[in-house]
file query.cif (mmCIF, N, CA and C atoms)
data_run
loop_
_atom_site.label_atom_id
_atom_site.label_comp_id
_atom_site.auth_asym_id
_atom_site.auth_seq_id
_atom_site.Cartn_x
_atom_site.Cartn_y
_atom_site.Cartn_z
N MET B 1172 -3.87 -0.27 -66.82
CA MET B 1172 -3.48 -0.10 -65.42
C MET B 1172 -3.33 1.39 -65.10
N SER B 1173 -3.64 1.76 -63.90
CA SER B 1173 -3.66 3.16 -63.50
C SER B 1173 -2.29 3.83 -63.57
N LEU B 1174 -1.22 3.11 -63.21
CA LEU B 1174 0.12 3.70 -63.27
C LEU B 1174 0.45 4.14 -64.69
N GLU B 1175 0.06 3.32 -65.65
CA GLU B 1175 0.33 3.67 -67.04
C GLU B 1175 -0.45 4.90 -67.47
N ARG B 1176 -1.68 5.01 -67.00
CA ARG B 1176 -2.51 6.19 -67.32
C ARG B 1176 -1.88 7.45 -66.73
N VAL B 1177 -1.38 7.36 -65.52
CA VAL B 1177 -0.71 8.49 -64.88
C VAL B 1177 0.56 8.84 -65.65
N GLN B 1178 1.36 7.83 -66.00
CA GLN B 1178 2.61 8.06 -66.73
C GLN B 1178 2.35 8.72 -68.09
N GLU B 1179 1.37 8.22 -68.81
CA GLU B 1179 1.05 8.78 -70.13
C GLU B 1179 0.65 10.25 -70.03
N ASP B 1180 -0.19 10.59 -69.05
CA ASP B 1180 -0.61 11.97 -68.88
C ASP B 1180 0.57 12.85 -68.48
N ALA B 1181 1.41 12.36 -67.57
CA ALA B 1181 2.59 13.12 -67.16
C ALA B 1181 3.49 13.38 -68.36
N ASP B 1182 3.70 12.36 -69.19
CA ASP B 1182 4.54 12.52 -70.38
C ASP B 1182 3.97 13.57 -71.32
N GLU B 1183 2.67 13.52 -71.55
CA GLU B 1183 2.02 14.50 -72.44
C GLU B 1183 2.14 15.92 -71.92
N ARG B 1184 2.20 16.06 -70.60
CA ARG B 1184 2.28 17.39 -69.99
C ARG B 1184 3.72 17.84 -69.72
N GLY B 1185 4.70 17.00 -70.05
CA GLY B 1185 6.10 17.34 -69.81
C GLY B 1185 6.51 17.29 -68.35
N ILE B 1186 5.87 16.41 -67.60
CA ILE B 1186 6.14 16.27 -66.16
C ILE B 1186 6.93 14.99 -65.94
N GLY B 1187 8.14 15.11 -65.43
CA GLY B 1187 8.91 13.93 -65.06
C GLY B 1187 8.29 13.29 -63.84
N ILE B 1188 8.19 11.97 -63.84
CA ILE B 1188 7.53 11.28 -62.72
C ILE B 1188 8.29 10.00 -62.39
N GLU B 1189 8.37 9.70 -61.11
CA GLU B 1189 9.02 8.47 -60.65
C GLU B 1189 8.05 7.76 -59.70
N PHE B 1190 7.77 6.50 -59.99
CA PHE B 1190 6.90 5.71 -59.13
C PHE B 1190 7.76 4.94 -58.14
N VAL B 1191 7.35 4.96 -56.88
CA VAL B 1191 8.05 4.24 -55.83
C VAL B 1191 7.05 3.31 -55.15
N ALA B 1192 7.35 2.01 -55.18
CA ALA B 1192 6.49 1.04 -54.50
C ALA B 1192 6.68 1.20 -52.99
N ARG B 1193 5.58 1.07 -52.26
CA ARG B 1193 5.65 1.17 -50.80
C ARG B 1193 4.55 0.33 -50.19
N PRO B 1194 4.78 -0.13 -48.96
CA PRO B 1194 3.72 -0.88 -48.27
C PRO B 1194 2.55 0.04 -47.97
N ALA B 1195 1.42 -0.55 -47.69
CA ALA B 1195 0.24 0.22 -47.30
C ALA B 1195 0.54 1.00 -46.03
N ALA B 1196 -0.03 2.19 -45.95
CA ALA B 1196 0.18 3.04 -44.77
C ALA B 1196 -1.16 3.34 -44.13
N GLY B 1197 -1.14 3.45 -42.81
CA GLY B 1197 -2.36 3.74 -42.08
C GLY B 1197 -2.65 5.22 -41.93
N SER B 1198 -1.66 6.06 -42.28
CA SER B 1198 -1.83 7.50 -42.15
C SER B 1198 -0.87 8.20 -43.11
N LEU B 1199 -1.11 9.47 -43.31
CA LEU B 1199 -0.21 10.25 -44.16
C LEU B 1199 1.19 10.29 -43.54
N GLU B 1200 1.27 10.42 -42.23
CA GLU B 1200 2.57 10.46 -41.56
C GLU B 1200 3.33 9.15 -41.76
N GLU B 1201 2.62 8.03 -41.70
CA GLU B 1201 3.24 6.73 -41.92
C GLU B 1201 3.70 6.61 -43.38
N ALA B 1202 2.88 7.07 -44.31
CA ALA B 1202 3.26 7.04 -45.73
C ALA B 1202 4.51 7.87 -45.97
N ALA B 1203 4.60 9.03 -45.34
CA ALA B 1203 5.78 9.89 -45.49
C ALA B 1203 7.02 9.17 -44.98
N ALA B 1204 6.92 8.55 -43.83
CA ALA B 1204 8.06 7.82 -43.26
C ALA B 1204 8.49 6.67 -44.17
N LEU B 1205 7.52 5.98 -44.77
CA LEU B 1205 7.83 4.84 -45.63
C LEU B 1205 8.61 5.24 -46.88
N VAL B 1206 8.38 6.46 -47.38
CA VAL B 1206 9.09 6.90 -48.58
C VAL B 1206 10.19 7.91 -48.27
N GLY B 1207 10.43 8.17 -46.99
CA GLY B 1207 11.56 8.99 -46.57
C GLY B 1207 11.41 10.48 -46.80
N VAL B 1208 10.18 11.00 -46.65
CA VAL B 1208 9.97 12.44 -46.78
C VAL B 1208 9.21 12.96 -45.57
N ALA B 1209 9.22 14.26 -45.41
CA ALA B 1209 8.43 14.90 -44.36
C ALA B 1209 6.96 14.94 -44.81
N PRO B 1210 6.02 14.93 -43.86
CA PRO B 1210 4.60 15.03 -44.25
C PRO B 1210 4.31 16.22 -45.17
N ALA B 1211 5.01 17.33 -44.98
CA ALA B 1211 4.79 18.52 -45.82
C ALA B 1211 5.15 18.26 -47.28
N ASP B 1212 5.98 17.25 -47.53
CA ASP B 1212 6.41 16.94 -48.90
C ASP B 1212 5.51 15.92 -49.59
N ILE B 1213 4.43 15.56 -48.94
CA ILE B 1213 3.40 14.76 -49.60
C ILE B 1213 2.29 15.72 -49.98
N VAL B 1214 1.85 15.64 -51.21
CA VAL B 1214 0.75 16.49 -51.68
C VAL B 1214 -0.53 15.67 -51.67
N LYS B 1215 -1.50 16.16 -50.90
CA LYS B 1215 -2.82 15.53 -50.89
C LYS B 1215 -3.60 16.06 -52.08
N SER B 1216 -4.12 15.16 -52.90
CA SER B 1216 -4.97 15.53 -54.03
C SER B 1216 -6.41 15.29 -53.62
N LEU B 1217 -7.11 16.38 -53.30
CA LEU B 1217 -8.48 16.28 -52.83
C LEU B 1217 -9.44 16.59 -53.97
N VAL B 1218 -10.43 15.75 -54.14
CA VAL B 1218 -11.49 15.99 -55.11
C VAL B 1218 -12.58 16.75 -54.38
N VAL B 1219 -12.95 17.89 -54.94
CA VAL B 1219 -13.94 18.75 -54.29
C VAL B 1219 -15.11 18.94 -55.25
N LYS B 1220 -16.31 18.80 -54.70
CA LYS B 1220 -17.53 18.91 -55.50
C LYS B 1220 -18.14 20.30 -55.34
N ARG B 1221 -18.49 20.90 -56.47
CA ARG B 1221 -19.21 22.18 -56.48
C ARG B 1221 -20.71 21.90 -56.41
N SER B 1222 -21.49 22.91 -56.07
CA SER B 1222 -22.94 22.72 -55.94
C SER B 1222 -23.59 22.40 -57.28
N ASP B 1223 -22.94 22.73 -58.41
CA ASP B 1223 -23.52 22.42 -59.72
C ASP B 1223 -23.19 20.99 -60.19
N GLY B 1224 -22.52 20.21 -59.31
CA GLY B 1224 -22.23 18.83 -59.63
C GLY B 1224 -20.90 18.62 -60.34
N THR B 1225 -20.18 19.70 -60.66
CA THR B 1225 -18.84 19.55 -61.24
C THR B 1225 -17.82 19.47 -60.11
N PHE B 1226 -16.60 19.15 -60.48
CA PHE B 1226 -15.56 18.92 -59.49
C PHE B 1226 -14.33 19.78 -59.78
N LEU B 1227 -13.42 19.81 -58.82
CA LEU B 1227 -12.10 20.41 -58.99
C LEU B 1227 -11.14 19.63 -58.11
N PHE B 1228 -9.86 19.79 -58.40
CA PHE B 1228 -8.83 19.21 -57.53
C PHE B 1228 -8.26 20.33 -56.67
N ALA B 1229 -8.06 20.05 -55.39
CA ALA B 1229 -7.35 20.95 -54.48
C ALA B 1229 -6.10 20.20 -54.02
N LEU B 1230 -4.94 20.75 -54.32
CA LEU B 1230 -3.67 20.14 -53.92
C LEU B 1230 -3.16 20.86 -52.68
N ILE B 1231 -2.96 20.10 -51.61
CA ILE B 1231 -2.64 20.65 -50.30
C ILE B 1231 -1.42 19.93 -49.73
N PRO B 1232 -0.44 20.66 -49.13
CA PRO B 1232 0.67 19.97 -48.46
C PRO B 1232 0.15 19.04 -47.36
N GLY B 1233 0.82 17.93 -47.18
CA GLY B 1233 0.37 16.90 -46.26
C GLY B 1233 0.26 17.31 -44.81
N ASP B 1234 0.98 18.36 -44.41
CA ASP B 1234 0.94 18.79 -43.01
C ASP B 1234 -0.08 19.91 -42.78
N ARG B 1235 -0.91 20.18 -43.79
CA ARG B 1235 -1.89 21.27 -43.70
C ARG B 1235 -3.28 20.75 -44.03
N GLN B 1236 -4.26 21.59 -43.76
CA GLN B 1236 -5.66 21.24 -44.05
C GLN B 1236 -6.21 22.24 -45.06
N ILE B 1237 -7.20 21.81 -45.81
CA ILE B 1237 -7.85 22.70 -46.76
C ILE B 1237 -8.56 23.81 -45.98
N ALA B 1238 -8.40 25.04 -46.45
CA ALA B 1238 -9.07 26.19 -45.84
C ALA B 1238 -10.30 26.50 -46.69
N TRP B 1239 -11.45 26.00 -46.27
CA TRP B 1239 -12.67 26.11 -47.06
C TRP B 1239 -13.02 27.54 -47.43
N PRO B 1240 -12.97 28.51 -46.49
CA PRO B 1240 -13.30 29.89 -46.88
C PRO B 1240 -12.36 30.43 -47.97
N LYS B 1241 -11.09 30.10 -47.88
CA LYS B 1241 -10.12 30.57 -48.89
C LYS B 1241 -10.41 29.93 -50.24
N LEU B 1242 -10.68 28.63 -50.24
CA LEU B 1242 -10.94 27.93 -51.51
C LEU B 1242 -12.25 28.43 -52.13
N ARG B 1243 -13.28 28.60 -51.32
CA ARG B 1243 -14.55 29.11 -51.86
C ARG B 1243 -14.36 30.49 -52.49
N ALA B 1244 -13.57 31.34 -51.84
CA ALA B 1244 -13.33 32.69 -52.37
C ALA B 1244 -12.60 32.64 -53.71
N VAL B 1245 -11.60 31.78 -53.82
CA VAL B 1245 -10.82 31.67 -55.06
C VAL B 1245 -11.68 31.10 -56.18
N VAL B 1246 -12.48 30.09 -55.87
CA VAL B 1246 -13.31 29.44 -56.88
C VAL B 1246 -14.51 30.33 -57.23
N GLY B 1247 -14.92 31.19 -56.30
CA GLY B 1247 -16.03 32.09 -56.56
C GLY B 1247 -17.39 31.46 -56.32
N VAL B 1248 -17.46 30.56 -55.35
CA VAL B 1248 -18.72 29.91 -55.00
C VAL B 1248 -18.91 29.98 -53.49
N ASN B 1249 -20.14 29.73 -53.05
CA ASN B 1249 -20.38 29.76 -51.60
C ASN B 1249 -20.58 28.38 -51.01
N LYS B 1250 -20.47 27.33 -51.85
CA LYS B 1250 -20.60 25.98 -51.31
C LYS B 1250 -19.69 25.02 -52.06
N LEU B 1251 -18.87 24.30 -51.29
CA LEU B 1251 -18.02 23.23 -51.80
C LEU B 1251 -18.08 22.11 -50.78
N GLN B 1252 -17.85 20.87 -51.24
CA GLN B 1252 -17.84 19.76 -50.30
C GLN B 1252 -16.97 18.63 -50.83
N LEU B 1253 -16.53 17.78 -49.91
CA LEU B 1253 -15.83 16.57 -50.31
C LEU B 1253 -16.90 15.54 -50.68
N PRO B 1254 -16.80 14.93 -51.85
CA PRO B 1254 -17.79 13.95 -52.26
C PRO B 1254 -17.57 12.62 -51.56
N SER B 1255 -18.52 11.73 -51.68
CA SER B 1255 -18.37 10.37 -51.16
C SER B 1255 -17.23 9.69 -51.92
N ALA B 1256 -16.74 8.59 -51.37
CA ALA B 1256 -15.68 7.83 -52.03
C ALA B 1256 -16.13 7.36 -53.41
N ASP B 1257 -17.39 6.92 -53.52
CA ASP B 1257 -17.91 6.47 -54.81
C ASP B 1257 -17.96 7.61 -55.83
N ALA B 1258 -18.38 8.79 -55.39
CA ALA B 1258 -18.46 9.95 -56.29
C ALA B 1258 -17.06 10.39 -56.71
N ALA B 1259 -16.08 10.34 -55.80
CA ALA B 1259 -14.71 10.70 -56.15
C ALA B 1259 -14.15 9.72 -57.18
N LEU B 1260 -14.43 8.44 -57.00
CA LEU B 1260 -14.00 7.42 -57.96
C LEU B 1260 -14.65 7.68 -59.33
N ALA B 1261 -15.94 7.96 -59.34
CA ALA B 1261 -16.64 8.23 -60.60
C ALA B 1261 -16.09 9.48 -61.28
N ALA B 1262 -15.70 10.48 -60.50
CA ALA B 1262 -15.22 11.75 -61.06
C ALA B 1262 -13.80 11.68 -61.59
N THR B 1263 -12.98 10.76 -61.05
CA THR B 1263 -11.56 10.74 -61.39
C THR B 1263 -11.07 9.41 -61.98
N GLY B 1264 -11.77 8.33 -61.66
CA GLY B 1264 -11.28 7.01 -62.05
C GLY B 1264 -10.30 6.43 -61.05
N TYR B 1265 -10.12 7.11 -59.91
CA TYR B 1265 -9.18 6.65 -58.89
C TYR B 1265 -9.88 6.49 -57.55
N GLU B 1266 -9.43 5.49 -56.78
CA GLU B 1266 -9.93 5.30 -55.42
C GLU B 1266 -9.26 6.28 -54.48
N ARG B 1267 -9.94 6.62 -53.39
CA ARG B 1267 -9.32 7.46 -52.36
C ARG B 1267 -8.01 6.82 -51.92
N GLY B 1268 -7.03 7.66 -51.66
CA GLY B 1268 -5.71 7.18 -51.28
C GLY B 1268 -4.79 7.01 -52.47
N THR B 1269 -5.35 7.07 -53.68
CA THR B 1269 -4.54 6.95 -54.90
C THR B 1269 -4.77 8.14 -55.83
N ILE B 1270 -5.66 9.04 -55.45
CA ILE B 1270 -6.12 10.11 -56.36
C ILE B 1270 -4.98 11.06 -56.73
N THR B 1271 -4.96 11.39 -58.02
CA THR B 1271 -4.04 12.37 -58.60
C THR B 1271 -4.76 13.03 -59.76
N PRO B 1272 -4.45 14.30 -60.04
CA PRO B 1272 -5.03 14.90 -61.25
C PRO B 1272 -4.47 14.27 -62.53
N LEU B 1273 -3.28 13.67 -62.45
CA LEU B 1273 -2.64 13.08 -63.63
C LEU B 1273 -3.40 11.83 -64.06
N GLY B 1274 -3.91 11.84 -65.27
CA GLY B 1274 -4.62 10.68 -65.79
C GLY B 1274 -6.05 10.56 -65.31
N SER B 1275 -6.56 11.59 -64.64
CA SER B 1275 -7.95 11.56 -64.20
C SER B 1275 -8.85 11.35 -65.41
N THR B 1276 -9.92 10.60 -65.23
CA THR B 1276 -10.82 10.34 -66.35
C THR B 1276 -11.47 11.62 -66.86
N THR B 1277 -11.54 12.66 -66.03
CA THR B 1277 -11.95 13.99 -66.46
C THR B 1277 -10.89 14.96 -65.95
N ALA B 1278 -10.46 15.87 -66.81
CA ALA B 1278 -9.41 16.84 -66.44
C ALA B 1278 -10.06 18.04 -65.74
N TRP B 1279 -10.36 17.86 -64.45
CA TRP B 1279 -10.97 18.93 -63.68
C TRP B 1279 -9.94 20.03 -63.42
N PRO B 1280 -10.39 21.28 -63.18
CA PRO B 1280 -9.46 22.36 -62.85
C PRO B 1280 -8.68 22.02 -61.57
N VAL B 1281 -7.45 22.53 -61.50
CA VAL B 1281 -6.57 22.26 -60.35
C VAL B 1281 -6.27 23.57 -59.62
N PHE B 1282 -6.50 23.56 -58.33
CA PHE B 1282 -6.14 24.67 -57.45
C PHE B 1282 -5.10 24.13 -56.48
N ALA B 1283 -3.90 24.75 -56.47
CA ALA B 1283 -2.80 24.24 -55.66
C ALA B 1283 -2.37 25.27 -54.63
N ASP B 1284 -2.13 24.79 -53.43
CA ASP B 1284 -1.65 25.68 -52.37
C ASP B 1284 -0.27 26.20 -52.74
N GLU B 1285 -0.05 27.47 -52.45
CA GLU B 1285 1.20 28.14 -52.82
C GLU B 1285 2.42 27.59 -52.08
N ARG B 1286 2.23 26.78 -51.07
CA ARG B 1286 3.36 26.24 -50.30
C ARG B 1286 3.95 24.97 -50.92
N ILE B 1287 3.34 24.45 -51.95
CA ILE B 1287 3.84 23.22 -52.59
C ILE B 1287 5.07 23.57 -53.41
N ALA B 1288 6.20 22.96 -53.06
CA ALA B 1288 7.46 23.29 -53.73
C ALA B 1288 8.44 22.12 -53.61
N GLY B 1289 9.41 22.11 -54.50
CA GLY B 1289 10.47 21.10 -54.45
C GLY B 1289 10.00 19.76 -54.99
N ARG B 1290 10.70 18.73 -54.58
CA ARG B 1290 10.34 17.37 -54.99
C ARG B 1290 9.28 16.85 -54.02
N VAL B 1291 8.14 16.46 -54.55
CA VAL B 1291 7.01 16.05 -53.70
C VAL B 1291 6.52 14.66 -54.11
N ALA B 1292 5.87 14.00 -53.16
CA ALA B 1292 5.24 12.70 -53.40
C ALA B 1292 3.74 12.92 -53.41
N MET B 1293 3.06 12.12 -54.22
CA MET B 1293 1.60 12.24 -54.30
C MET B 1293 1.01 10.91 -54.72
N GLY B 1294 -0.31 10.85 -54.76
CA GLY B 1294 -0.99 9.65 -55.21
C GLY B 1294 -0.54 9.27 -56.61
N ALA B 1295 -0.48 7.96 -56.85
CA ALA B 1295 0.03 7.45 -58.12
C ALA B 1295 -1.05 6.77 -58.95
N GLY B 1296 -2.30 6.83 -58.49
CA GLY B 1296 -3.37 6.20 -59.24
C GLY B 1296 -3.59 4.74 -58.88
N ALA B 1297 -2.71 4.18 -58.07
CA ALA B 1297 -2.81 2.77 -57.68
C ALA B 1297 -2.31 2.61 -56.25
N HIS B 1298 -2.95 1.72 -55.50
CA HIS B 1298 -2.50 1.44 -54.13
C HIS B 1298 -1.11 0.82 -54.16
N GLY B 1299 -0.31 1.13 -53.13
CA GLY B 1299 1.02 0.54 -53.01
C GLY B 1299 2.11 1.32 -53.72
N TYR B 1300 1.79 2.51 -54.22
CA TYR B 1300 2.77 3.34 -54.92
C TYR B 1300 2.61 4.80 -54.54
N SER B 1301 3.73 5.51 -54.59
CA SER B 1301 3.72 6.97 -54.52
C SER B 1301 4.37 7.47 -55.79
N ALA B 1302 3.94 8.63 -56.25
CA ALA B 1302 4.53 9.26 -57.43
C ALA B 1302 5.33 10.46 -56.96
N PHE B 1303 6.60 10.52 -57.36
CA PHE B 1303 7.44 11.66 -57.04
C PHE B 1303 7.56 12.54 -58.27
N VAL B 1304 7.36 13.85 -58.06
CA VAL B 1304 7.42 14.81 -59.14
C VAL B 1304 8.05 16.11 -58.63
N ASP B 1305 8.53 16.91 -59.57
CA ASP B 1305 8.98 18.26 -59.24
C ASP B 1305 7.72 19.14 -59.18
N ALA B 1306 7.53 19.82 -58.07
CA ALA B 1306 6.29 20.60 -57.88
C ALA B 1306 6.10 21.65 -58.97
N ALA B 1307 7.16 22.35 -59.33
CA ALA B 1307 7.03 23.40 -60.35
C ALA B 1307 6.59 22.80 -61.69
N GLU B 1308 7.18 21.66 -62.08
CA GLU B 1308 6.77 20.98 -63.32
C GLU B 1308 5.31 20.54 -63.23
N LEU B 1309 4.95 19.97 -62.09
CA LEU B 1309 3.59 19.48 -61.89
C LEU B 1309 2.58 20.61 -62.04
N LEU B 1310 2.80 21.70 -61.31
CA LEU B 1310 1.83 22.79 -61.29
C LEU B 1310 1.76 23.49 -62.65
N HIS B 1311 2.89 23.62 -63.31
CA HIS B 1311 2.88 24.21 -64.66
C HIS B 1311 2.16 23.27 -65.64
N GLY B 1312 2.50 21.99 -65.59
CA GLY B 1312 1.92 21.02 -66.51
C GLY B 1312 0.42 20.87 -66.33
N LEU B 1313 -0.07 21.06 -65.11
CA LEU B 1313 -1.51 20.96 -64.83
C LEU B 1313 -2.23 22.29 -65.04
N ASP B 1314 -1.46 23.34 -65.35
CA ASP B 1314 -2.03 24.68 -65.49
C ASP B 1314 -2.81 25.04 -64.22
N ALA B 1315 -2.19 24.74 -63.08
CA ALA B 1315 -2.85 24.94 -61.79
C ALA B 1315 -2.96 26.42 -61.43
N THR B 1316 -4.03 26.75 -60.75
CA THR B 1316 -4.18 28.06 -60.12
C THR B 1316 -3.47 27.94 -58.78
N ILE B 1317 -2.42 28.72 -58.57
CA ILE B 1317 -1.59 28.61 -57.36
C ILE B 1317 -1.95 29.75 -56.42
N VAL B 1318 -2.50 29.37 -55.26
CA VAL B 1318 -3.01 30.35 -54.29
C VAL B 1318 -2.89 29.79 -52.87
N ASP B 1319 -3.17 30.64 -51.90
CA ASP B 1319 -3.19 30.22 -50.50
C ASP B 1319 -4.56 29.61 -50.21
N ILE B 1320 -4.61 28.27 -50.12
CA ILE B 1320 -5.89 27.59 -49.86
C ILE B 1320 -5.78 26.59 -48.70
N SER B 1321 -4.79 26.80 -47.82
CA SER B 1321 -4.65 25.87 -46.70
C SER B 1321 -4.39 26.60 -45.40
N ASP B 1322 -4.64 25.87 -44.31
CA ASP B 1322 -4.35 26.36 -42.95
C ASP B 1322 -3.43 25.38 -42.27
#
call {"tool": "encode", "arguments": {"input": "query.cif", "output": "structure tokens"}}
result
Amino acid sequence: MSLERVQEDADERGIGIEFVARPAAGSLEEAAALVGVAPADIVKSLVVKRSDGTFLFALIPGDRQIAWPKLRAVVGVNKLQLPSADAALAATGYERGTITPLGSTTAWPVFADERIAGRVAMGAGAHGYSAFVDAAELLHGLDATIVDISD
């Protein structure tokens, strides 16, 4: 099960994690309300495809959008794109709406927006759950590159 895969990876990385069951949400704002946090306290885990066919994770606060020019500059490429849902599933082992770098079938590099801080909620690898983690533990455990990559 995906929750167990996420838990095992978090344990190996020294990241404390708490899973919270929640009803399905129609939007990020609705998901935030269901778990009692502000949209900014939800971390979107975006799978991004490079032109060479490899991927990376971009972690963005829920109230912000990915800044493509900033991310391209940090990664050092001139083309990045969001893959199809099928390609994201193949790259991570998770469906959209559940994606997390924790327990991904491939440990792609992680680029995290510098505004991610405190206790945050994120995808848990399975529908109907959110994973709560300490942002500093998460970013350290993932060896994330922490930069300004959002608008």
call {"tool": "closest_atom_pairs", "arguments": {"input": "query.cif", "of": "segment 1177-1205 of chain B", "to": "segment 1224-1240 of chain B", "cutoff": "10 Å", "atoms": "only C-alpha atoms", "output": "tab-separated table"}}
result
residue	atom	partner	partner_atom	distance
B:Leu1199	CA	B:Gly1233	CA	7.0
B:Glu1200	CA	B:Gly1233	CA	8.3
B:Ala1203	CA	B:Gly1233	CA	8.9
call {"tool": "closest_atom_pairs", "arguments": {"input": "query.cif", "of": "segment 1202-1227 of chain B", "to": "segment 1303-1314 of chain B", "cutoff": "10 Å", "atoms": "only C-alpha atoms", "output": "tab-separated table"}}
result
residue	atom	partner	partner_atom	distance
B:Val1206	CA	B:Phe1303	CA	9.8
B:Asp1212	CA	B:Ala1306	CA	9.7
B:Ile1213	CA	B:Phe1303	CA	9.0
B:Val1214	CA	B:Ala1306	CA	9.3
call {"tool": "select_by_dssp", "arguments": {"input": "query.cif", "residues": "segment 1202-1261 of chain B", "states": "alpha helix (DSSP H)", "output": "PDB file with N, CA and C atoms, in the frame of the given file"}}
result
ATOM      1  N   ALA B1202       2.880   7.070 -44.310  1.00  0.00           N
ATOM      2  CA  ALA B1202       3.260   7.040 -45.730  1.00  0.00           C
ATOM      3  C   ALA B1202       4.510   7.870 -45.970  1.00  0.00           C
ATOM      4  N   ALA B1203       4.600   9.030 -45.340  1.00  0.00           N
ATOM      5  CA  ALA B1203       5.780   9.890 -45.490  1.00  0.00           C
ATOM      6  C   ALA B1203       7.020   9.170 -44.980  1.00  0.00           C
ATOM      7  N   ALA B1204       6.920   8.550 -43.830  1.00  0.00           N
ATOM      8  CA  ALA B1204       8.060   7.820 -43.260  1.00  0.00           C
ATOM      9  C   ALA B1204       8.490   6.670 -44.170  1.00  0.00           C
ATOM     10  N   LEU B1205       7.520   5.980 -44.770  1.00  0.00           N
ATOM     11  CA  LEU B1205       7.830   4.840 -45.630  1.00  0.00           C
ATOM     12  C   LEU B1205       8.610   5.240 -46.880  1.00  0.00           C
ATOM     13  N   VAL B1206       8.380   6.460 -47.380  1.00  0.00           N
ATOM     14  CA  VAL B1206       9.090   6.900 -48.580  1.00  0.00           C
ATOM     15  C   VAL B1206      10.190   7.910 -48.270  1.00  0.00           C
ATOM     16  N   TRP B1239     -11.450  26.000 -46.270  1.00  0.00           N
ATOM     17  CA  TRP B1239     -12.670  26.110 -47.060  1.00  0.00           C
ATOM     18  C   TRP B1239     -13.020  27.540 -47.430  1.00  0.00           C
ATOM     19  N   PRO B1240     -12.970  28.510 -46.490  1.00  0.00           N
ATOM     20  CA  PRO B1240     -13.300  29.890 -46.880  1.00  0.00           C
ATOM     21  C   PRO B1240     -12.360  30.430 -47.970  1.00  0.00           C
ATOM     22  N   LYS B1241     -11.090  30.100 -47.880  1.00  0.00           N
ATOM     23  CA  LYS B1241     -10.120  30.570 -48.890  1.00  0.00           C
ATOM     24  C   LYS B1241     -10.410  29.930 -50.240  1.00  0.00           C
ATOM     25  N   LEU B1242     -10.680  28.630 -50.240  1.00  0.00           N
ATOM     26  CA  LEU B1242     -10.940  27.930 -51.510  1.00  0.00           C
ATOM     27  C   LEU B1242     -12.250  28.430 -52.130  1.00  0.00           C
ATOM     28  N   ARG B1243     -13.280  28.600 -51.320  1.00  0.00           N
ATOM     29  CA  ARG B1243     -14.550  29.110 -51.860  1.00  0.00           C
ATOM     30  C   ARG B1243     -14.360  30.490 -52.490  1.00  0.00           C
ATOM     31  N   ALA B1244     -13.570  31.340 -51.840  1.00  0.00           N
ATOM     32  CA  ALA B1244     -13.330  32.690 -52.370  1.00  0.00           C
ATOM     33  C   ALA B1244     -12.600  32.640 -53.710  1.00  0.00           C
ATOM     34  N   VAL B1245     -11.600  31.780 -53.820  1.00  0.00           N
ATOM     35  CA  VAL B1245     -10.820  31.670 -55.060  1.00  0.00           C
ATOM     36  C   VAL B1245     -11.680  31.100 -56.180  1.00  0.00           C
ATOM     37  N   VAL B1246     -12.480  30.090 -55.870  1.00  0.00           N
ATOM     38  CA  VAL B1246     -13.310  29.440 -56.880  1.00  0.00           C
ATOM     39  C   VAL B1246     -14.510  30.330 -57.230  1.00  0.00           C
ATOM     40  N   ALA B1256     -16.740   8.590 -51.370  1.00  0.00           N
ATOM     41  CA  ALA B1256     -15.680   7.830 -52.030  1.00  0.00           C
ATOM     42  C   ALA B1256     -16.130   7.360 -53.410  1.00  0.00           C
ATOM     43  N   ASP B1257     -17.390   6.920 -53.520  1.00  0.00           N
ATOM     44  CA  ASP B1257     -17.910   6.470 -54.810  1.00  0.00           C
ATOM     45  C   ASP B1257     -17.960   7.610 -55.830  1.00  0.00           C
ATOM     46  N   ALA B1258     -18.380   8.790 -55.390  1.00  0.00           N
ATOM     47  CA  ALA B1258     -18.460   9.950 -56.290  1.00  0.00           C
ATOM     48  C   ALA B1258     -17.060  10.390 -56.710  1.00  0.00           C
ATOM     49  N   ALA B1259     -16.080  10.340 -55.800  1.00  0.00           N
ATOM     50  CA  ALA B1259     -14.710  10.700 -56.150  1.00  0.00           C
ATOM     51  C   ALA B1259     -14.150   9.720 -57.180  1.00  0.00           C
ATOM     52  N   LEU B1260     -14.430   8.440 -57.000  1.00  0.00           N
ATOM     53  CA  LEU B1260     -14.000   7.420 -57.960  1.00  0.00           C
ATOM     54  C   LEU B1260     -14.650   7.680 -59.330  1.00  0.00           C
ATOM     55  N   ALA B1261     -15.940   7.960 -59.340  1.00  0.00           N
ATOM     56  CA  ALA B1261     -16.640   8.230 -60.600  1.00  0.00           C
ATOM     57  C   ALA B1261     -16.090   9.480 -61.280  1.00  0.00           C
TER      58      ALA B1261
END
call {"tool": "residues_around", "arguments": {"input": "query.cif", "residues": "Leu1174 of chain B", "least_positions_apart": "5", "cutoff": "7 Å", "atoms": "all atoms listed in the file", "output": "ChimeraX atom specification"}}
result
/B:1179,1295-1297
call {"tool": "select_by_dssp", "arguments": {"input": "query.cif", "residues": "chain B", "states": "strand (DSSP E)", "output": "ChimeraX atom specification"}}
result
/B:1188-1192,1213-1221,1226-1232,1251-1252,1281-1284,1290-1294,1300-1305,1316-1318
call {"tool": "atom_distance", "arguments": {"input": "query.cif", "atom1": "atom N of Asp1223 of chain B", "atom2": "atom N of Ile1287 of chain B"}}
result
27.1 Å
call {"tool": "resolve_selection", "arguments": {"input": "query.cif", "expression": "the PyMOL selection byres (((chain B and resi 1284 and name CA) around 7) and name CA)", "output": "number ranges by chain"}}
result
B: 1230-1231, 1282-1283, 1285-1287, 1317-1321
call {"tool": "atom_distance", "arguments": {"input": "query.cif", "atom1": "atom CA of Pro1194 of chain B", "atom2": "atom CA of Val1219 of chain B"}}
result
27.1 Å
call {"tool": "atom_distance", "arguments": {"input": "query.cif", "atom1": "atom C of Lys1250 of chain B", "atom2": "atom N of Pro1280 of chain B"}}
result
15.0 Å
call {"tool": "resolve_selection", "arguments": {"input": "query.cif", "expression": "the PyMOL selection byres (((chain B and resi 1252 and name CA) around 8) and name CA)", "output": "PyMOL selection string"}}
result
chain B and resi 1219-1221+1250-1251+1253-1254
